[in-house]
file structure.pdb (PDB, C-alpha atoms)
ATOM      1  CA  MET A 176      45.310   1.747  10.594
ATOM      2  CA  ASN A 177      47.697   0.630   7.883
ATOM      3  CA  HIS A 178      46.884   0.828   4.175
ATOM      4  CA  LYS A 179      46.185  -2.935   3.764
ATOM      5  CA  LYS A 180      43.737  -3.067   6.703
ATOM      6  CA  ARG A 181      41.915   0.079   5.520
ATOM      7  CA  PHE A 182      41.628  -1.304   1.966
ATOM      8  CA  SER A 183      40.320  -4.605   3.371
ATOM      9  CA  LEU A 184      37.713  -2.796   5.508
ATOM     10  CA  LEU A 185      36.575  -0.637   2.580
ATOM     11  CA  SER A 186      36.379  -3.702   0.324
ATOM     12  CA  SER A 187      34.274  -5.533   2.924
ATOM     13  CA  LEU A 188      31.897  -2.571   3.301
ATOM     14  CA  ALA A 189      31.515  -2.313  -0.474
ATOM     15  CA  ALA A 190      30.793  -6.044  -0.708
ATOM     16  CA  PHE A 191      28.168  -5.863   2.060
ATOM     17  CA  ALA A 192      26.522  -2.875   0.377
ATOM     18  CA  ALA A 193      26.497  -4.673  -2.965
ATOM     19  CA  ILE A 194      24.626  -7.652  -1.519
ATOM     20  CA  GLY A 195      22.250  -5.439   0.455
ATOM     21  CA  LEU A 196      23.450  -6.168   3.983
ATOM     22  CA  ILE A 197      24.058  -2.489   4.621
ATOM     23  CA  SER A 198      22.418   0.460   2.968
ATOM     24  CA  SER A 199      22.464   4.213   3.099
ATOM     25  CA  ARG A 200      18.639   4.103   3.115
ATOM     26  CA  PRO A 201      16.655   2.937   6.132
ATOM     27  CA  ALA A 202      15.102  -0.512   5.968
ATOM     28  CA  HIS A 203      11.451  -0.490   4.971
ATOM     29  CA  ALA A 204       8.684  -2.182   6.883
ATOM     30  CA  ALA A 205       6.688  -4.851   5.115
ATOM     31  CA  ASP A 206       3.190  -4.273   3.779
ATOM     32  CA  VAL A 207       0.575  -4.508   6.486
ATOM     33  CA  SER A 208      -1.092  -7.872   7.042
ATOM     34  CA  VAL A 209      -4.852  -7.500   6.671
ATOM     35  CA  THR A 210      -7.272  -9.904   8.353
ATOM     36  CA  ALA A 211     -10.132  -9.945   5.836
ATOM     37  CA  ALA A 212     -12.741 -10.930   8.421
ATOM     38  CA  ASN A 213     -11.938  -7.749  10.395
ATOM     39  CA  VAL A 214     -12.442  -5.262   7.526
ATOM     40  CA  ARG A 215     -15.441  -3.096   8.440
ATOM     41  CA  VAL A 216     -17.061   0.099   7.232
ATOM     42  CA  SER A 217     -18.910   2.664   9.326
ATOM     43  CA  SER A 218     -22.395   4.018   8.703
ATOM     44  CA  LEU A 219     -20.741   6.983   6.933
ATOM     45  CA  ALA A 220     -18.990   4.859   4.285
ATOM     46  CA  VAL A 221     -19.491   5.378   0.553
ATOM     47  CA  ILE A 222     -19.957   1.920  -0.985
ATOM     48  CA  MET A 223     -19.839   1.133  -4.707
ATOM     49  CA  PRO A 224     -21.103  -2.162  -6.168
ATOM     50  CA  GLY A 225     -19.432  -3.821  -9.130
ATOM     51  CA  THR A 226     -17.771  -6.983 -10.375
ATOM     52  CA  PHE A 227     -14.294  -8.333  -9.689
ATOM     53  CA  GLY A 228     -12.016  -8.809 -12.694
ATOM     54  CA  GLU A 229      -9.676 -11.083 -10.735
ATOM     55  CA  ALA A 230      -9.527 -12.770  -7.315
ATOM     56  CA  VAL A 231      -9.677 -10.117  -4.580
ATOM     57  CA  THR A 232      -9.746 -10.444  -0.790
ATOM     58  CA  ALA A 233     -11.547  -8.049   1.551
ATOM     59  CA  GLY A 234      -9.184  -5.264   2.595
ATOM     60  CA  GLN A 235      -7.273  -5.045  -0.676
ATOM     61  CA  PRO A 236      -7.068  -1.769  -2.635
ATOM     62  CA  VAL A 237      -8.593  -1.967  -6.113
ATOM     63  CA  TYR A 238      -8.812   0.112  -9.297
ATOM     64  CA  VAL A 239     -11.355   0.033 -12.129
ATOM     65  CA  GLY A 240     -10.025  -1.655 -15.265
ATOM     66  CA  PRO A 241     -10.947  -0.809 -18.860
ATOM     67  CA  ASP A 242     -13.736  -3.427 -18.672
ATOM     68  CA  SER A 243     -15.262  -1.576 -15.650
ATOM     69  CA  ARG A 244     -14.311  -4.415 -13.284
ATOM     70  CA  TYR A 245     -12.268  -4.153 -10.080
ATOM     71  CA  TYR A 246      -8.612  -5.251 -10.097
ATOM     72  CA  LEU A 247      -5.796  -5.085  -7.505
ATOM     73  CA  THR A 248      -3.862  -1.806  -7.483
ATOM     74  CA  ASP A 249      -0.108  -1.786  -7.984
ATOM     75  CA  VAL A 250       1.470   1.643  -7.637
ATOM     76  CA  ASN A 251       4.479   0.962  -9.826
ATOM     77  CA  VAL A 252       2.621  -0.509 -12.818
ATOM     78  CA  ALA A 253       1.183   1.937 -15.346
ATOM     79  CA  GLY A 254      -2.603   1.716 -15.551
ATOM     80  CA  LYS A 255      -2.967   0.057 -12.126
ATOM     81  CA  THR A 256      -2.291   3.071  -9.903
ATOM     82  CA  GLU A 257      -5.618   4.907  -9.762
ATOM     83  CA  LEU A 258      -7.264   3.653  -6.594
ATOM     84  CA  ALA A 259     -11.061   3.249  -6.701
ATOM     85  CA  GLY A 260     -11.359   1.952  -3.139
ATOM     86  CA  ILE A 261     -10.833  -0.982  -0.813
ATOM     87  CA  ALA A 262     -12.769  -4.202  -1.294
ATOM     88  CA  ILE A 263     -15.043  -4.921   1.666
ATOM     89  CA  ASN A 264     -15.859  -8.397   0.418
ATOM     90  CA  GLY A 265     -13.803 -10.935  -1.455
ATOM     91  CA  GLY A 266     -14.479 -12.941  -4.570
ATOM     92  CA  ALA A 267     -13.166 -14.446  -7.768
ATOM     93  CA  ALA A 268     -13.238 -12.932 -11.256
ATOM     94  CA  GLY A 269     -16.837 -12.339 -12.321
ATOM     95  CA  GLN A 270     -18.239 -12.306  -8.782
ATOM     96  CA  PRO A 271     -20.042  -9.325  -7.193
ATOM     97  CA  ALA A 272     -17.864  -6.702  -5.516
ATOM     98  CA  LEU A 273     -18.538  -4.128  -2.814
ATOM     99  CA  VAL A 274     -15.899  -1.420  -2.669
ATOM    100  CA  CYS A 275     -15.567   1.351  -0.091
ATOM    101  CA  SER A 276     -14.386   4.581  -1.706
ATOM    102  CA  GLU A 277     -14.515   6.743   1.405
ATOM    103  CA  ASP A 278     -15.087   6.293   5.134
ATOM    104  CA  PRO A 279     -14.060   8.639   7.963
ATOM    105  CA  ALA A 280     -14.148   5.720  10.449
ATOM    106  CA  PHE A 281     -12.920   2.745   8.398
ATOM    107  CA  THR A 282     -11.694  -0.425  10.155
ATOM    108  CA  PRO A 283      -9.026  -1.764   7.752
ATOM    109  CA  GLY A 284      -8.443  -5.171   9.359
ATOM    110  CA  PHE A 285      -4.954  -4.504  10.708
ATOM    111  CA  THR A 286      -3.516  -2.687  13.707
ATOM    112  CA  LEU A 287      -2.790   0.902  12.762
ATOM    113  CA  SER A 288       0.141   2.902  14.063
ATOM    114  CA  THR A 289      -0.706   6.232  15.653
ATOM    115  CA  SER A 290       2.976   7.244  15.742
ATOM    116  CA  ALA A 291       3.341   6.653  11.968
ATOM    117  CA  PRO A 292      -0.307   7.077  10.946
ATOM    118  CA  VAL A 293      -0.089   7.542   7.160
ATOM    119  CA  TYR A 294      -0.706   4.610   4.773
ATOM    120  CA  VAL A 295      -0.465   4.288   0.991
ATOM    121  CA  ALA A 296      -1.344   1.735  -1.661
ATOM    122  CA  SER A 297       1.669  -0.522  -2.171
ATOM    123  CA  ALA A 298       3.789  -1.725  -5.079
ATOM    124  CA  THR A 299       2.624  -5.227  -4.152
ATOM    125  CA  ALA A 300      -0.615  -5.896  -6.038
ATOM    126  CA  GLY A 301      -3.447  -5.297  -3.553
ATOM    127  CA  GLY A 302      -1.106  -4.282  -0.735
ATOM    128  CA  ILE A 303      -1.162  -1.424   1.764
ATOM    129  CA  ALA A 304       2.079   0.021   3.095
ATOM    130  CA  PRO A 305       3.211   2.607   5.629
ATOM    131  CA  VAL A 306       4.208   5.844   3.878
ATOM    132  CA  ALA A 307       7.820   5.219   4.980
ATOM    133  CA  ASP A 308       7.959   2.407   2.387
ATOM    134  CA  VAL A 309       7.468   4.733  -0.588
ATOM    135  CA  THR A 310      10.412   4.360  -2.905
ATOM    136  CA  THR A 311      11.530   5.284  -6.401
ATOM    137  CA  GLY A 312       8.926   4.520  -9.049
ATOM    138  CA  TRP A 313       5.832   4.459  -6.824
ATOM    139  CA  PHE A 314       2.917   6.654  -7.884
ATOM    140  CA  THR A 315       1.989   7.625  -4.349
ATOM    141  CA  THR A 316      -1.474   8.321  -3.020
ATOM    142  CA  VAL A 317      -2.072   8.774   0.698
ATOM    143  CA  ILE A 318      -5.196   6.669   1.236
ATOM    144  CA  MET A 319      -5.631   6.452   4.974
ATOM    145  CA  VAL A 320      -4.596   8.156   8.169
ATOM    146  CA  ALA A 321      -4.950   6.382  11.512
ATOM    147  CA  ARG A 322      -7.431   7.875  13.962
ATOM    148  CA  SER A 323      -6.708   5.137  16.514
ATOM    149  CA  THR A 324      -5.108   1.692  16.411
ATOM    150  CA  THR A 325      -8.328   0.262  14.939
ATOM    151  CA  THR A 326      -9.914   2.992  12.762
ATOM    152  CA  ALA A 327      -8.685   5.273  10.022
ATOM    153  CA  SER A 328      -9.970   8.067   7.881
ATOM    154  CA  PHE A 329      -9.948   6.497   4.399
ATOM    155  CA  ARG A 330     -10.415   8.129   1.022
ATOM    156  CA  ALA A 331      -9.637   6.376  -2.258
ATOM    157  CA  ARG A 332      -9.084   9.606  -4.118
ATOM    158  CA  GLY A 333      -6.723  10.805  -1.421
ATOM    159  CA  HIS A 334      -3.783  13.122  -1.749
ATOM    160  CA  ALA A 335      -1.920  11.959  -4.862
ATOM    161  CA  SER A 336       1.581  12.866  -5.893
ATOM    162  CA  GLY A 337       0.719  12.731  -9.581
ATOM    163  CA  ALA A 338       4.259  11.558 -10.347
ATOM    164  CA  ALA A 339       6.469   8.624  -9.523
ATOM    165  CA  ALA A 340       8.572   9.020  -6.381
ATOM    166  CA  THR A 341      12.277   9.612  -6.782
ATOM    167  CA  ALA A 342      15.100   8.580  -4.481
ATOM    168  CA  PRO A 343      16.041  11.093  -1.777
TER
END
call {"tool": "encode", "arguments": {"input": "structure.pdb", "output": "structure tokens"}}
result
Amino acid sequence: MNHKKRFSLLSSLAAFAAIGLISSRPAHAADVSVTAANVRVSSLAVIMPGTFGEAVTAGQPVYVGPDSRYYLTDVNVAGKTELAGIAINGGAAGQPALVCSEDPAFTPGFTLSTSAPVYVASATAGGIAPVADVTTGWFTTVIMVARSTTTASFRARGHASGAAATAP
């Protein structure tokens, strides 16, 4: 390969990398898509009552705000990373909330992967992501592990990193 062709190829690769068409890191999956009507708890669930501080849909991870109300978690925003549980009902700000903090047979309302069974709270407010999505800046807490394609062992105060993730 002559010098001009090699320079052109390297320039093209650099341009593609700059606009995100190629990357040295693997592509991440999107947050899971929860069907609120399919979120269910088992008879072993620990349920906490409360009040929503903002609009929340069943199946979304929440934290307790300084006013003791439930708000959507966001693992890359300071003060919004400490998961209290997953809402099992939905409602607007000021409406009653039921939040599951632990359930060994939780039905999260989405199809779970048994080949990649670990899930975390996401950097999207109220989102849940596969652990493979964890990236720099996320305060990571493993919140659920698939037991089957429909149930998971869930624990709000799961295994936390205690620090923001850094790039590999």
call {"tool": "resolve_selection", "arguments": {"input": "structure.pdb", "expression": "the PyMOL selection byres ((chain A and resi 241-255) around 9)", "output": "ChimeraX atom specification"}}
result
/A:225-231,235-240,256-259,262,268-269,272,274,296-302,311-316,339
call {"tool": "atom_distance", "arguments": {"input": "structure.pdb", "atom1": "CA of Gly284 (chain A)", "atom2": "CA of Ala211 (chain A)"}}
result
6.2 Å
call {"tool": "resolve_selection", "arguments": {"input": "structure.pdb", "expression": "the PyMOL selection byres ((chain A and resi 209) around 12)", "output": "list in words"}}
result
Ala205, Asp206, Val207, Ser208, Thr210, Ala211, Ala212, Asn213, Val214, Arg215, Thr232, Ala233, Gly234, Gln235, Pro236, Ile261, Ala262, Ile263, Thr282, Pro283, Gly284, Phe285, Thr286, Leu287, Gly301, Gly302, Ile303, Ala304 and Thr325 of chain A
call {"tool": "atom_distance", "arguments": {"input": "structure.pdb", "atom1": "CA of Val216 (chain A)", "atom2": "CA of Arg330 (chain A)"}}
result
12.1 Å
call {"tool": "closest_residue", "arguments": {"input": "structure.pdb", "among": "A:Pro305, A:Gly265, A:Ile222, A:Ala331", "to": "Ser290 (chain A)", "atoms": "only C-alpha atoms"}}
result
A:Pro305
call {"tool": "closest_residue", "arguments": {"input": "structure.pdb", "among": "A:Glu277, A:Thr324, A:Phe329, A:Val306", "to": "Tyr294 (chain A)", "atoms": "only C-alpha atoms"}}
result
A:Val306
call {"tool": "resolve_selection", "arguments": {"input": "structure.pdb", "expression": "the PyMOL selection byres ((chain A and resi 221) around 8)", "output": "ChimeraX atom specification"}}
result
/A:219-220,222-223,275-278
call {"tool": "residues_around", "arguments": {"input": "structure.pdb", "residues": "Ser218 (chain A)", "least_positions_apart": "5", "cutoff": "10 Å", "atoms": "all atoms listed in the file", "output": "VMD selection string"}}
result
chain A and resid 278 to 281
call {"tool": "atom_distance", "arguments": {"input": "structure.pdb", "atom1": "CA of Ala327 (chain A)", "atom2": "CA of Leu273 (chain A)"}}
result
18.7 Å
call {"tool": "closest_residue", "arguments": {"input": "structure.pdb", "among": "A:Pro224, A:Val317, A:Val293, A:Thr310", "to": "Pro271 (chain A)", "atoms": "all atoms listed in the file"}}
result
A:Pro224
call {"tool": "closest_residue", "arguments": {"input": "structure.pdb", "among": "A:Arg332, A:Asn264, A:Val309, A:Ile318", "to": "Pro292 (chain A)", "atoms": "all atoms listed in the file"}}
result
A:Ile318
